[in-house]
$ cat upload_26.txt   # compact mmCIF, C-alpha atoms
# COMPACT_ATOMS: atom_id res chain seq x y z
CA MET A 35 0.00 0.00 0.00
CA HIS A 36 1.37 3.43 -0.92
CA LEU A 37 1.35 5.88 1.96
CA SER A 38 1.39 9.57 1.13
CA ASP A 39 3.62 11.88 3.13
CA ASP A 40 0.49 13.15 4.85
CA ASP A 41 -0.40 9.58 5.88
CA ILE A 42 3.07 9.23 7.37
CA VAL A 43 2.72 12.52 9.25
CA ARG A 44 -0.61 11.39 10.71
CA SER A 45 0.85 8.04 11.71
CA ILE A 46 3.82 9.68 13.40
CA SER A 47 1.60 12.14 15.27
CA ALA A 48 -0.38 9.15 16.59
CA HIS A 49 2.94 7.87 17.99
CA SER A 50 2.80 4.77 15.87
CA PRO A 51 6.08 2.85 15.38
CA GLU A 52 4.85 2.03 11.88
CA GLY A 53 4.90 5.77 11.14
CA ILE A 54 8.60 6.00 11.93
CA GLU A 55 9.20 2.84 9.96
CA ALA A 56 7.49 4.35 6.91
CA LEU A 57 9.34 7.64 7.39
CA TYR A 58 12.67 5.80 7.51
CA ASP A 59 11.84 3.65 4.49
CA ARG A 60 11.03 6.74 2.47
CA TYR A 61 13.69 9.17 3.67
CA GLY A 62 16.34 7.04 5.45
CA GLY A 63 18.47 6.92 2.28
CA LEU A 64 18.30 10.69 1.87
CA ALA A 65 19.08 11.20 5.55
CA HIS A 66 22.09 8.88 5.38
CA THR A 67 23.37 10.57 2.21
CA VAL A 68 23.17 14.02 3.83
CA ALA A 69 24.81 12.88 7.08
CA LEU A 70 27.61 11.06 5.27
CA ARG A 71 28.31 14.05 2.98
CA ILE A 72 28.62 16.35 5.98
CA LEU A 73 30.53 14.05 8.33
CA GLY A 74 32.51 11.87 5.92
CA ASP A 75 32.44 9.03 8.43
CA ARG A 76 30.09 6.07 8.13
CA GLY A 77 29.81 5.34 11.87
CA ALA A 78 29.10 8.97 12.76
CA ALA A 79 26.59 9.28 9.90
CA GLU A 80 24.69 6.21 11.11
CA ASP A 81 24.60 7.58 14.66
CA VAL A 82 23.22 10.92 13.44
CA VAL A 83 20.53 9.25 11.32
CA GLN A 84 19.47 7.03 14.22
CA GLU A 85 19.44 9.97 16.67
CA SER A 86 17.37 12.05 14.24
CA PHE A 87 14.66 9.44 13.68
CA LEU A 88 14.57 8.63 17.40
CA ALA A 89 14.14 12.34 18.13
CA VAL A 90 11.16 12.40 15.75
CA TRP A 91 9.73 9.34 17.49
CA ARG A 92 10.20 10.70 21.01
CA ARG A 93 8.69 14.10 20.24
CA ALA A 94 6.17 12.83 17.72
CA ALA A 95 3.17 14.55 19.23
CA THR A 96 4.78 17.97 19.45
CA PHE A 97 6.63 18.53 16.22
CA GLN A 98 6.01 21.42 13.91
CA ALA A 99 5.30 20.42 10.36
CA GLY A 100 3.80 23.59 9.01
CA ARG A 101 7.08 25.08 7.83
CA GLY A 102 7.61 22.90 4.80
CA SER A 103 7.36 19.41 3.40
CA LEU A 104 8.15 16.22 5.25
CA ARG A 105 11.22 15.82 3.06
CA ALA A 106 12.49 19.30 3.96
CA TRP A 107 11.74 18.70 7.61
CA ILE A 108 13.70 15.45 7.94
CA CYS A 109 16.54 16.93 5.85
CA THR A 110 16.76 19.87 8.23
CA ILE A 111 16.81 17.72 11.35
CA VAL A 112 19.54 15.43 10.00
CA ARG A 113 21.60 18.29 8.59
CA ASN A 114 21.47 20.26 11.84
CA ARG A 115 22.49 17.27 13.93
CA ALA A 116 25.29 16.38 11.55
CA ILE A 117 26.57 19.98 11.55
CA ASP A 118 26.36 20.10 15.35
CA ARG A 119 28.45 16.96 15.55
CA LEU A 120 30.89 18.26 12.95
CA ARG A 121 31.38 21.50 14.82
CA GLY A 122 30.99 20.15 18.33
CA ASP A 123 28.41 22.84 18.95
CA ARG A 124 25.34 21.54 20.68
CA HIS A 125 24.00 24.86 21.85
CA ARG A 126 22.88 26.57 18.66
CA THR A 127 19.24 27.53 18.66
CA ARG A 128 17.41 27.39 15.39
CA LEU A 129 14.12 28.44 13.91
CA ASP A 130 13.83 25.06 12.26
CA THR A 131 14.29 22.85 15.30
CA PRO A 132 10.92 21.14 15.27
CA MET A 133 11.00 19.19 18.50
CA GLU A 134 8.92 21.53 20.57
CA GLY A 135 6.08 23.87 19.98
CA GLU A 136 2.97 23.61 17.94
CA SER A 137 0.93 20.52 17.47
CA ILE A 138 1.48 18.64 14.28
CA GLU A 139 -0.23 20.05 11.22
CA PRO A 140 -0.82 18.06 8.05
CA ALA A 141 2.16 18.91 5.89
CA VAL A 142 1.62 20.34 2.43
CA SER A 143 3.85 17.62 1.18
CA ASP A 144 2.65 15.51 -1.68
CA PRO A 145 3.36 18.09 -4.41
CA TRP A 146 6.94 18.19 -3.12
CA ALA A 147 7.23 14.42 -3.06
CA ALA A 148 6.18 14.53 -6.71
CA VAL A 149 8.80 17.19 -7.48
CA ALA A 150 11.52 15.17 -5.76
CA LEU A 151 10.51 12.05 -7.69
CA GLU A 152 10.37 13.84 -11.01
CA LEU A 153 13.73 15.53 -10.66
CA SER A 154 16.67 13.22 -11.16
CA GLY A 155 19.93 13.72 -9.32
CA GLN A 156 21.48 14.61 -12.65
CA GLU A 157 19.01 17.44 -13.19
CA VAL A 158 19.68 18.91 -9.77
CA ARG A 159 23.45 18.58 -10.35
CA LYS A 160 23.07 20.33 -13.69
CA ALA A 161 21.05 23.16 -12.14
CA LEU A 162 23.74 23.58 -9.47
CA ASP A 163 26.50 23.47 -12.08
CA GLU A 164 24.82 26.31 -13.96
CA LEU A 165 25.22 28.61 -10.96
CA PRO A 166 28.26 30.90 -10.92
CA ALA A 167 31.06 29.22 -8.94
CA GLU A 168 30.97 31.74 -6.09
CA GLN A 169 27.22 31.24 -5.59
CA ARG A 170 27.54 27.46 -5.62
CA GLN A 171 30.46 27.59 -3.20
CA THR A 172 28.50 29.88 -0.85
CA ILE A 173 25.58 27.45 -0.77
CA GLU A 174 27.89 24.47 -0.16
CA LEU A 175 29.83 26.20 2.63
CA ALA A 176 26.53 26.91 4.36
CA TYR A 177 24.61 23.71 3.77
CA TYR A 178 27.33 21.07 4.01
CA ALA A 179 30.00 22.71 6.16
CA GLY A 180 27.67 24.59 8.51
CA TYR A 181 29.28 28.04 8.13
CA SER A 182 27.19 31.05 9.10
CA GLN A 183 26.82 34.18 7.00
CA SER A 184 29.67 36.01 8.81
CA GLU A 185 31.95 32.96 8.69
CA ILE A 186 31.38 32.63 4.95
CA ALA A 187 32.07 36.35 4.51
CA THR A 188 35.40 35.96 6.32
CA LYS A 189 36.32 32.79 4.47
CA MET A 190 35.49 34.18 1.04
CA GLU A 191 36.74 37.69 1.91
CA VAL A 192 33.54 39.45 0.86
CA PRO A 193 31.12 41.78 2.71
CA LEU A 194 28.24 40.27 4.71
CA GLY A 195 25.71 41.70 2.29
CA THR A 196 27.37 39.90 -0.60
CA VAL A 197 26.90 36.54 1.11
CA LYS A 198 23.25 37.33 1.76
CA GLY A 199 22.70 38.34 -1.85
CA ARG A 200 24.55 35.32 -3.26
CA VAL A 201 22.45 32.84 -1.27
CA ARG A 202 19.16 34.43 -2.22
CA ILE A 203 20.06 34.82 -5.88
CA ALA A 204 21.40 31.25 -6.03
CA LEU A 205 18.22 29.79 -4.53
CA ASP A 206 16.01 31.88 -6.79
CA LYS A 207 17.99 30.76 -9.84
CA LEU A 208 17.79 27.14 -8.72
CA ARG A 209 14.05 27.42 -8.36
CA THR A 210 13.67 28.86 -11.86
CA SER A 211 16.05 26.35 -13.36
CA LEU A 212 14.43 23.33 -11.69
CA ALA A 213 10.90 24.54 -12.41
CA ASP A 214 11.81 24.67 -16.11
CA ARG A 215 12.73 20.99 -15.98
CA LEU A 216 9.40 19.91 -14.48
CA GLU A 217 6.30 18.75 -16.31
CA THR A 218 4.21 19.52 -13.24
CA PRO A 219 3.79 23.07 -11.93
CA TRP A 220 6.21 24.21 -9.23
CA PRO A 221 4.39 23.76 -5.91
CA THR A 222 3.15 26.76 -4.01
CA GLN A 223 2.46 26.64 -0.30
CA MET B 276 6.53 46.55 19.21
CA ALA B 277 6.46 47.41 15.49
CA ASP B 278 8.20 45.01 13.15
CA PRO B 279 11.25 46.91 11.88
CA MET B 280 11.91 44.50 9.00
CA SER B 281 10.71 44.78 5.41
CA CYS B 282 9.68 41.74 3.38
CA GLU B 283 12.68 42.35 1.10
CA GLU B 284 15.08 42.11 4.05
CA ALA B 285 13.18 39.16 5.48
CA THR B 286 13.44 37.22 2.22
CA ASP B 287 17.24 37.55 2.26
CA LEU B 288 17.34 36.17 5.79
CA LEU B 289 14.89 33.34 4.97
CA ALA B 290 17.15 32.22 2.13
CA LEU B 291 20.12 32.24 4.52
CA ASP B 292 18.10 30.25 7.06
CA ALA B 293 17.10 27.63 4.50
CA VAL B 294 20.76 26.75 3.88
CA GLY B 295 21.62 27.02 7.58
CA ALA B 296 23.67 30.23 7.42
CA LEU B 297 21.41 32.54 9.44
CA GLU B 298 23.20 34.31 12.30
CA ALA B 299 21.78 33.60 15.76
CA SER B 300 21.43 37.37 16.28
CA ASP B 301 19.02 37.63 13.31
CA ARG B 302 16.79 34.79 14.45
CA ASP B 303 14.46 36.78 16.71
CA LEU B 304 14.00 39.45 14.05
CA ILE B 305 13.00 36.99 11.35
CA GLU B 306 10.78 34.95 13.67
CA ARG B 307 8.91 38.09 14.66
CA HIS B 308 8.43 39.09 11.04
CA VAL B 309 7.32 35.67 9.83
CA ALA B 310 4.81 35.40 12.67
CA THR B 311 2.85 38.29 11.20
CA CYS B 312 3.56 38.01 7.48
CA GLU B 313 1.80 35.29 5.49
CA SER B 314 3.76 35.84 2.28
CA CYS B 315 7.11 35.52 4.09
CA LYS B 316 5.81 32.42 5.89
CA ARG B 317 5.15 30.89 2.46
CA ALA B 318 8.56 32.04 1.25
CA ALA B 319 10.18 30.33 4.26
CA ALA B 320 8.50 27.04 3.39
CA GLN B 321 9.45 27.35 -0.28
CA TYR B 322 13.11 28.07 0.49
CA ALA B 323 13.20 25.16 2.95
CA ASP B 324 11.72 22.82 0.34
CA LEU B 325 14.18 24.08 -2.27
CA ALA B 326 17.14 23.55 0.07
CA SER B 327 15.92 20.00 0.74
CA LEU B 328 16.44 19.26 -2.97
CA LEU B 329 20.18 20.08 -2.73
CA PRO B 330 21.12 16.57 -1.48
CA ALA B 331 19.48 15.11 -4.62
CA ALA B 332 22.65 16.19 -6.43
CA LEU B 333 24.73 13.85 -4.25
CA GLU B 334 25.53 10.25 -5.09
CA VAL B 335 23.02 8.27 -3.03
CA ALA B 336 24.64 6.47 -0.10
CA PRO B 337 22.14 3.78 1.00
CA PRO B 338 22.26 3.12 4.74
CA PRO B 339 23.28 -0.37 5.87
CA ALA B 340 20.44 -2.75 6.83
CA ARG B 341 21.70 -2.86 10.41
CA LEU B 342 20.77 0.80 10.88
CA ARG B 343 17.09 0.11 10.20
CA ARG B 344 17.15 -2.90 12.54
CA ARG B 345 18.87 -0.89 15.28
CA LEU B 346 16.45 2.03 14.94
CA MET B 347 13.28 -0.05 14.89
CA ALA B 348 14.46 -2.26 17.77
CA GLN B 349 14.81 0.88 19.87
CA VAL B 350 11.46 2.32 18.73
CA TYR B 351 9.52 -0.88 19.45
CA ALA B 352 11.26 -1.32 22.81
CA GLU B 353 10.27 2.23 23.78
CA ALA B 354 6.70 1.74 22.50
CA THR B 355 6.35 -1.32 24.72
CA ALA B 356 7.83 0.42 27.75
CA SER B 357 5.56 3.43 27.18
CA ALA B 358 2.45 1.25 26.90
CA ARG B 359 3.23 -0.12 30.37
CA LEU B 360 3.53 3.28 32.04
CA PRO B 361 0.60 4.63 34.08
CA TRP B 362 -1.43 7.27 32.28
CA TRP B 363 0.00 10.22 34.22
CA ARG B 364 3.58 9.22 33.35
CA ARG B 365 2.64 9.08 29.67
CA VAL B 366 1.12 12.56 29.84
CA LEU B 367 4.20 13.99 31.56
CA ALA B 368 6.46 12.26 29.05
CA ALA B 369 4.64 14.05 26.25
CA ILE B 370 5.45 17.48 27.70
CA PRO B 371 8.71 18.91 26.32
CA ALA B 372 11.37 18.44 29.01
CA SER B 373 13.36 21.58 28.28
CA ARG B 374 10.49 24.00 28.64
CA THR B 375 10.87 26.21 31.67
CA PHE B 376 8.48 25.23 34.43
CA THR B 377 7.00 28.64 35.08
CA ALA B 378 3.66 29.39 36.71
CA VAL B 379 2.13 29.44 33.23
CA GLY B 380 3.88 26.15 32.52
CA ALA B 381 2.44 24.64 35.68
CA VAL B 382 -1.07 25.56 34.59
CA ALA B 383 -0.35 24.07 31.18
CA VAL B 384 0.84 20.84 32.78
CA VAL B 385 -2.32 20.52 34.85
CA ALA B 386 -4.43 21.24 31.77
CA ALA B 387 -2.42 18.71 29.80
CA ILE B 388 -2.96 16.07 32.47
CA VAL B 389 -6.72 16.69 32.57
CA PHE B 390 -6.83 16.70 28.77
CA GLY B 391 -4.59 13.66 28.74
CA ILE B 392 -7.05 11.59 30.74
CA PHE B 393 -9.64 12.06 28.02
CA ALA B 394 -7.16 11.70 25.19
CA LEU B 395 -5.71 8.52 26.62
CA ALA B 396 -9.13 7.10 27.34
CA GLY B 397 -9.70 7.37 23.61
CA ARG B 398 -6.28 6.00 22.76
CA ASN B 399 -6.78 3.00 25.03
CA ALA B 400 -9.54 1.87 22.70
CA SER B 401 -6.81 0.51 20.39
CA PRO B 402 -4.71 -2.34 21.77
CA PRO B 403 -1.20 -1.50 22.98
CA PRO B 404 1.72 -3.51 21.56
CA VAL B 405 1.81 -7.06 22.95
CA ALA B 406 4.89 -7.90 25.01
CA TYR B 407 6.19 -11.25 26.27
CA THR B 408 8.82 -11.79 28.93
CA VAL B 409 11.91 -13.86 28.22
CA SER B 410 14.54 -14.98 30.71
CA GLY B 411 17.56 -17.20 31.23
CA THR B 412 20.19 -17.86 33.86
CA THR B 413 21.69 -14.40 33.56
CA ALA B 414 19.47 -12.71 31.00
CA THR B 415 16.07 -11.03 31.10
CA GLY B 416 14.20 -9.37 28.32
CA THR B 417 11.08 -8.53 26.38
CA LEU B 418 9.65 -9.56 23.07
CA ALA B 419 7.51 -6.67 21.82
CA VAL B 420 5.11 -7.33 18.96
CA ASN B 421 3.85 -4.43 16.83
CA THR B 422 0.13 -3.76 16.86
CA ALA B 423 -0.30 -5.21 13.37
CA GLY B 424 1.34 -8.45 14.58
CA THR B 425 3.71 -8.41 11.61
CA GLN B 426 7.00 -7.90 13.41
CA ALA B 427 8.50 -8.22 16.87
CA VAL B 428 11.60 -6.92 18.59
CA LEU B 429 13.51 -8.89 21.20
CA THR B 430 15.37 -6.75 23.73
CA VAL B 431 17.62 -8.55 26.24
CA LYS B 432 19.84 -7.46 29.12
CA GLY B 433 22.44 -9.55 30.92
CA LEU B 434 23.98 -11.48 28.05
CA ALA B 435 27.74 -11.98 28.00
CA ALA B 436 29.82 -10.68 25.07
CA LEU B 437 30.75 -13.33 22.52
CA PRO B 438 33.87 -13.82 20.42
CA SER B 439 33.47 -12.83 16.76
CA THR B 440 33.20 -16.50 15.78
CA GLU B 441 29.94 -16.94 17.73
CA ALA B 442 26.48 -15.34 17.79
CA TYR B 443 23.27 -15.50 19.78
CA GLU B 444 20.76 -17.05 17.36
CA VAL B 445 17.03 -16.56 18.01
CA TRP B 446 14.62 -19.45 17.43
CA LEU B 447 10.84 -19.68 17.18
CA ILE B 448 9.65 -23.05 18.45
CA PRO B 449 6.41 -24.61 17.12
CA PRO B 450 4.34 -27.10 19.20
CA ARG B 451 5.63 -29.85 16.92
CA GLY B 452 8.57 -29.92 14.54
CA SER B 453 11.93 -28.18 14.43
CA PRO B 454 12.74 -24.74 15.80
CA LYS B 455 13.08 -22.06 13.12
CA GLY B 456 16.13 -19.74 13.24
CA VAL B 457 14.78 -16.22 12.69
CA ALA B 458 17.36 -13.66 13.80
CA PHE B 459 20.63 -12.91 15.57
CA LEU B 460 20.88 -10.68 18.63
CA SER B 461 23.03 -7.56 18.12
CA PRO B 462 24.87 -5.92 21.02
CA GLY B 463 23.60 -2.47 22.02
CA LEU B 464 25.74 0.64 21.75
CA GLY B 465 27.79 1.40 24.88
CA GLY B 466 26.77 -1.77 26.70
CA GLY B 467 23.05 -1.26 26.07
CA PRO B 468 20.61 -4.17 25.70
CA TRP B 469 20.98 -6.73 22.94
CA THR B 470 18.29 -6.52 20.28
CA ALA B 471 16.95 -8.56 17.37
CA VAL B 472 14.10 -7.91 14.97
CA VAL B 473 11.95 -11.02 14.60
CA PRO B 474 10.18 -10.75 11.25
CA GLY B 475 6.72 -12.14 10.50
CA SER B 476 3.83 -13.30 12.65
CA LEU B 477 4.34 -15.35 15.82
CA ALA B 478 1.12 -17.28 15.20
CA GLY B 479 1.73 -21.02 15.29
CA TYR B 480 4.73 -20.87 17.64
CA LYS B 481 4.61 -21.79 21.31
CA SER B 482 7.86 -20.26 22.51
CA ILE B 483 10.99 -18.29 21.63
CA ALA B 484 14.57 -19.08 22.65
CA ALA B 485 18.17 -18.05 21.96
CA THR B 486 21.29 -20.19 21.84
CA VAL B 487 24.98 -19.62 21.21
CA GLU B 488 25.82 -20.77 17.68
CA PRO B 489 28.66 -20.34 15.20
CA ALA B 490 28.64 -16.79 13.72
CA GLY B 491 26.87 -17.85 10.52
CA GLY B 492 24.09 -19.64 12.42
CA SER B 493 23.06 -23.31 12.59
CA PRO B 494 20.26 -25.29 10.90
CA THR B 495 19.01 -26.38 14.35
CA PRO B 496 19.96 -25.32 17.91
CA SER B 497 23.23 -26.97 18.89
CA ASN B 498 23.62 -25.59 22.42
CA THR B 499 21.59 -25.09 25.57
CA GLU B 500 19.18 -22.16 25.61
CA VAL B 501 20.56 -18.96 27.16
CA LEU B 502 17.06 -17.55 27.37
CA SER B 503 13.50 -18.54 26.51
CA GLY B 504 9.93 -17.35 26.84
CA GLN B 505 6.41 -18.62 26.25
CA LEU B 506 4.31 -16.98 23.53
CA GLY B 507 0.92 -17.62 25.06
CA GLU B 508 -0.56 -15.00 27.36
CA SER B 509 1.47 -11.79 27.56
$ encode --input "upload_26.txt" --output "structure tokens"
Amino acid sequence: MHLSDDDIVRSISAHSPEGIEALYDRYGGLAHTVALRILGDRGAAEDVVQESFLAVWRRAATFQAGRGSLRAWICTIVRNRAIDRLRGDRHRTRLDTPMEGESIEPAVSDPWAAVALELSGQEVRKALDELPAEQRQTIELAYYAGYSQSEIATKMEVPLGTVKGRVRIALDKLRTSLADRLETPWPTQ
Amino acid sequence: MADPMSCEEATDLLALDAVGALEASDRDLIERHVATCESCKRAAAQYADLASLLPAALEVAPPPARLRRRLMAQVYAEATASARLPWWRRVLAAIPASRTFTAVGAVAVVAAIVFGIFALAGRNASPPPVAYTVSGTTATGTLAVNTAGTQAVLTVKGLAALPSTEAYEVWLIPPRGSPKGVAFLSPGLGGGPWTAVVPGSLAGYKSIAATVEPAGGSPTPSNTEVLSGQLGES
């Protein structure tokens, strides 16, 4: 039986082990890929993936799913934990930490699952390759190495405002470029 | 207090946040703005979704099968333990631990407990996971079956470490006929309990047991049981 992302969200919010199982089966590969890219160590990546899914399980009834799709949500949790481990910084507070707060809301997720399925890795790579090198490098320093805006500015020897502009322009270009490759309309929230 | 941030400025910060580069000092500002601005709330979700596509460019690194087994063993063990807690412990466990216990918090806890009685009364209408006790000379444990009855997790404490040439093999024993080898127990991280996922239904089996076998397993048990448990009444 095919479960939609919304079915999985409902199952998790009911604190059902089968919900976590379905979440892992759908996004465990993605989570492991992200953690391994950031940490470069198989053991540490496995620990981070396990910790992330257990955190979802233990705070199932209180997580905040209104901020994006289920895919984005699990990506954010795994990325943040992997970056924390990479940097040894367990005290950063983030807008996207979803373990406390509002009750679960049905995620607007299925259009995004369709987008993710329709886009091949090659298409996303191509869209990233089309970005100017400095924009791509800015995104990678942030997303995979966990550098903040000011750290990136120092590392790349550019003003803070330039970093801000590069990230926004890069994401906007990515959106346009990926939307052009889709048969289905780009989802709106 | 008036929101000092324009949507243009907020969008820059939302893009930074989506890739994880937002400065901690900007977080309050952007949270305050997003709380009152629907279009920026939508932009936040769109940037987050877009950032989640970045890993699609990576070569996929499938996780090893042991990670799924380890995760689900822990989840089912915790589901079983939780089902055995009294209702008030389950309600307290659902309240975020790090939230400051202020006077307002205290009121919220009381409300949550009162609400929890009704909520749990409803939840109790569905059966909790079934759990069986297993034990041996030094070992004790639990076999927790998921509510669908399609999978179980064996969690055991008190087993000795084994050399790499040996393993604890788990057997399901029917009323008649040979025991069926179904899983191997894996040691927990940092000396935690041993766990094994037992796939499939337990219907048709009278008991479960574990024995020490060569690392690759044996067709039938070749040593004395180190633990066993009946699969009748839980």
$ closest_residue --input "upload_26.txt" --among "B:Ala435, B:Thr311, B:Leu288, B:Ser327" --to "Tyr178 in chain A" --atoms "only C-alpha atoms"
B:Ser327
$ closest_atom_pairs --input "upload_26.txt" --of "chain A" --to "chain B" --cutoff "7 Å" --atoms "all atoms listed in the file" --output "CSV"
residue,atom,partner,partner_atom,distance
A:Pro51,CA,B:Val350,CA,6.4
A:Gly63,CA,B:Pro337,CA,5.0
A:His66,CA,B:Pro338,CA,5.8
A:Thr67,CA,B:Ala336,CA,4.9
A:Val68,CA,B:Pro330,CA,6.2
A:Glu80,CA,B:Leu342,CA,6.7
A:Gln84,CA,B:Leu346,CA,5.9
A:Arg101,CA,B:Ala320,CA,5.1
A:Gly102,CA,B:Ala320,CA,4.5
A:Ser103,CA,B:Asp324,CA,6.3
A:Arg105,CA,B:Ser327,CA,6.7
A:Ala106,CA,B:Ser327,CA,4.8
A:Cys109,CA,B:Ser327,CA,6.0
A:Leu129,CA,B:Arg302,CA,6.9
A:Glu134,CA,B:Pro371,CA,6.3
A:Ala150,CA,B:Leu328,CA,7.0
A:Gly155,CA,B:Ala332,CA,4.7
A:Gln156,CA,B:Ala332,CA,6.5
A:Val158,CA,B:Ala332,CA,5.2
A:Arg159,CA,B:Ala332,CA,4.7
A:Ile173,CA,B:Val294,CA,6.7
A:Ala176,CA,B:Ala296,CA,5.3
A:Tyr177,CA,B:Val294,CA,4.9
A:Gly180,CA,B:Gly295,CA,6.6
A:Tyr181,CA,B:Ala296,CA,6.1
A:Ser182,CA,B:Ala296,CA,4.0
A:Gln183,CA,B:Ala296,CA,5.1
A:Lys198,CA,B:Asp287,CA,6.0
A:Gly199,CA,B:Asp287,CA,6.9
A:Val201,CA,B:Leu291,CA,6.3
A:Arg202,CA,B:Ala290,CA,5.3
A:Arg209,CA,B:Leu325,CA,6.9
A:Gln223,CA,B:Arg317,CA,5.7
$ write_last_selection --input "upload_26.txt" --atoms "C-alpha atoms" --output "PDB file, in the coordinates of the input"
ATOM      1  CA  PRO A  51       6.080   2.850  15.380  1.00  0.00           C
ATOM      2  CA  GLY A  63      18.470   6.920   2.280  1.00  0.00           C
ATOM      3  CA  HIS A  66      22.090   8.880   5.380  1.00  0.00           C
ATOM      4  CA  THR A  67      23.370  10.570   2.210  1.00  0.00           C
ATOM      5  CA  VAL A  68      23.170  14.020   3.830  1.00  0.00           C
ATOM      6  CA  GLU A  80      24.690   6.210  11.110  1.00  0.00           C
ATOM      7  CA  GLN A  84      19.470   7.030  14.220  1.00  0.00           C
ATOM      8  CA  ARG A 101       7.080  25.080   7.830  1.00  0.00           C
ATOM      9  CA  GLY A 102       7.610  22.900   4.800  1.00  0.00           C
ATOM     10  CA  SER A 103       7.360  19.410   3.400  1.00  0.00           C
ATOM     11  CA  ARG A 105      11.220  15.820   3.060  1.00  0.00           C
ATOM     12  CA  ALA A 106      12.490  19.300   3.960  1.00  0.00           C
ATOM     13  CA  CYS A 109      16.540  16.930   5.850  1.00  0.00           C
ATOM     14  CA  LEU A 129      14.120  28.440  13.910  1.00  0.00           C
ATOM     15  CA  GLU A 134       8.920  21.530  20.570  1.00  0.00           C
ATOM     16  CA  ALA A 150      11.520  15.170  -5.760  1.00  0.00           C
ATOM     17  CA  GLY A 155      19.930  13.720  -9.320  1.00  0.00           C
ATOM     18  CA  GLN A 156      21.480  14.610 -12.650  1.00  0.00           C
ATOM     19  CA  VAL A 158      19.680  18.910  -9.770  1.00  0.00           C
ATOM     20  CA  ARG A 159      23.450  18.580 -10.350  1.00  0.00           C
ATOM     21  CA  ILE A 173      25.580  27.450  -0.770  1.00  0.00           C
ATOM     22  CA  ALA A 176      26.530  26.910   4.360  1.00  0.00           C
ATOM     23  CA  TYR A 177      24.610  23.710   3.770  1.00  0.00           C
ATOM     24  CA  GLY A 180      27.670  24.590   8.510  1.00  0.00           C
ATOM     25  CA  TYR A 181      29.280  28.040   8.130  1.00  0.00           C
ATOM     26  CA  SER A 182      27.190  31.050   9.100  1.00  0.00           C
ATOM     27  CA  GLN A 183      26.820  34.180   7.000  1.00  0.00           C
ATOM     28  CA  LYS A 198      23.250  37.330   1.760  1.00  0.00           C
ATOM     29  CA  GLY A 199      22.700  38.340  -1.850  1.00  0.00           C
ATOM     30  CA  VAL A 201      22.450  32.840  -1.270  1.00  0.00           C
ATOM     31  CA  ARG A 202      19.160  34.430  -2.220  1.00  0.00           C
ATOM     32  CA  ARG A 209      14.050  27.420  -8.360  1.00  0.00           C
ATOM     33  CA  GLN A 223       2.460  26.640  -0.300  1.00  0.00           C
TER      34      GLN A 223
END
$ residues_around --input "upload_26.txt" --residues "Gly424 in chain B" --least-positions-apart "3" --cutoff "12 Å" --atoms "only C-alpha atoms" --output "list in words"
Glu52 of chain A; Pro402, Pro403, Pro404, Val405, Ala406, Leu418, Ala419, Val420, Asn421, Ala427, Val428, Val473, Pro474, Gly475, Ser476, Leu477 and Ala478 of chain B
$ atom_distance --input "upload_26.txt" --atom1 "CA of Glu191 in chain A" --atom2 "CA of Thr172 in chain A"
11.7 Å
$ axis_aligned_box --input "upload_26.txt" --around "range 168-174 of chain A" --padding-each-side "8 Å" --output "lines of an AutoDock Vina configuration file"
center_x = 28.3
center_y = 28.1
center_z = -3.1
size_x = 21.4
size_y = 23.3
size_z = 21.9
$ closest_residue --input "upload_26.txt" --among "B:Pro468, B:Pro454, B:Pro489, B:Gly507" --to "Thr415 in chain B" --atoms "only C-alpha atoms"
B:Pro468
$ closest_residue --input "upload_26.txt" --among "A:Ile203, A:Ala79, A:Val90, A:Leu73" --to "Ser50 in chain A" --atoms "only C-alpha atoms"
A:Val90
$ residues_near_point --input "upload_26.txt" --point "(12.5, -17.2, 12.6)" --cutoff "8 Å" --atoms "all atoms listed in the file" --output "ChimeraX atom specification"
/B:445-447,455-458,473-475
$ write_last_selection --input "upload_26.txt" --atoms "C-alpha atoms" --output "compact mmCIF listing (two decimals), keeping the file's coordinate frame"
# COMPACT_ATOMS: atom_id res chain seq x y z
CA VAL B 445 17.03 -16.56 18.01
CA TRP B 446 14.62 -19.45 17.43
CA LEU B 447 10.84 -19.68 17.18
CA LYS B 455 13.08 -22.06 13.12
CA GLY B 456 16.13 -19.74 13.24
CA VAL B 457 14.78 -16.22 12.69
CA ALA B 458 17.36 -13.66 13.80
CA VAL B 473 11.95 -11.02 14.60
CA PRO B 474 10.18 -10.75 11.25
CA GLY B 475 6.72 -12.14 10.50
$ atom_distance --input "upload_26.txt" --atom1 "CA of Gly77 in chain A" --atom2 "CA of Arg115 in chain A"
14.1 Å
$ closest_residue --input "upload_26.txt" --among "A:Ile72, A:Ala161, A:Val83, A:Ile42" --to "Leu175 in chain A" --atoms "only C-alpha atoms"
A:Ile72
$ closest_residue --input "upload_26.txt" --among "A:Ala48, A:Leu37, A:Ala179, A:Leu194" --to "Arg119 in chain A" --atoms "all atoms listed in the file"
A:Ala179
$ atom_distance --input "upload_26.txt" --atom1 "CA of Leu429 in chain B" --atom2 "CA of Gly416 in chain B"
7.2 Å
$ residues_around --input "upload_26.txt" --residues "Leu460 in chain B" --least-positions-apart "3" --cutoff "7 Å" --atoms "all atoms listed in the file" --output "JSON, numbers by chain"
{"B": [443, 444, 469, 470, 471]}
$ residues_around --input "upload_26.txt" --residues "Val82 in chain A" --least-positions-apart "3" --cutoff "8 Å" --atoms "only C-alpha atoms" --output "PyMOL selection string"
chain A and resi 69+78-79+85-86+112+115-116
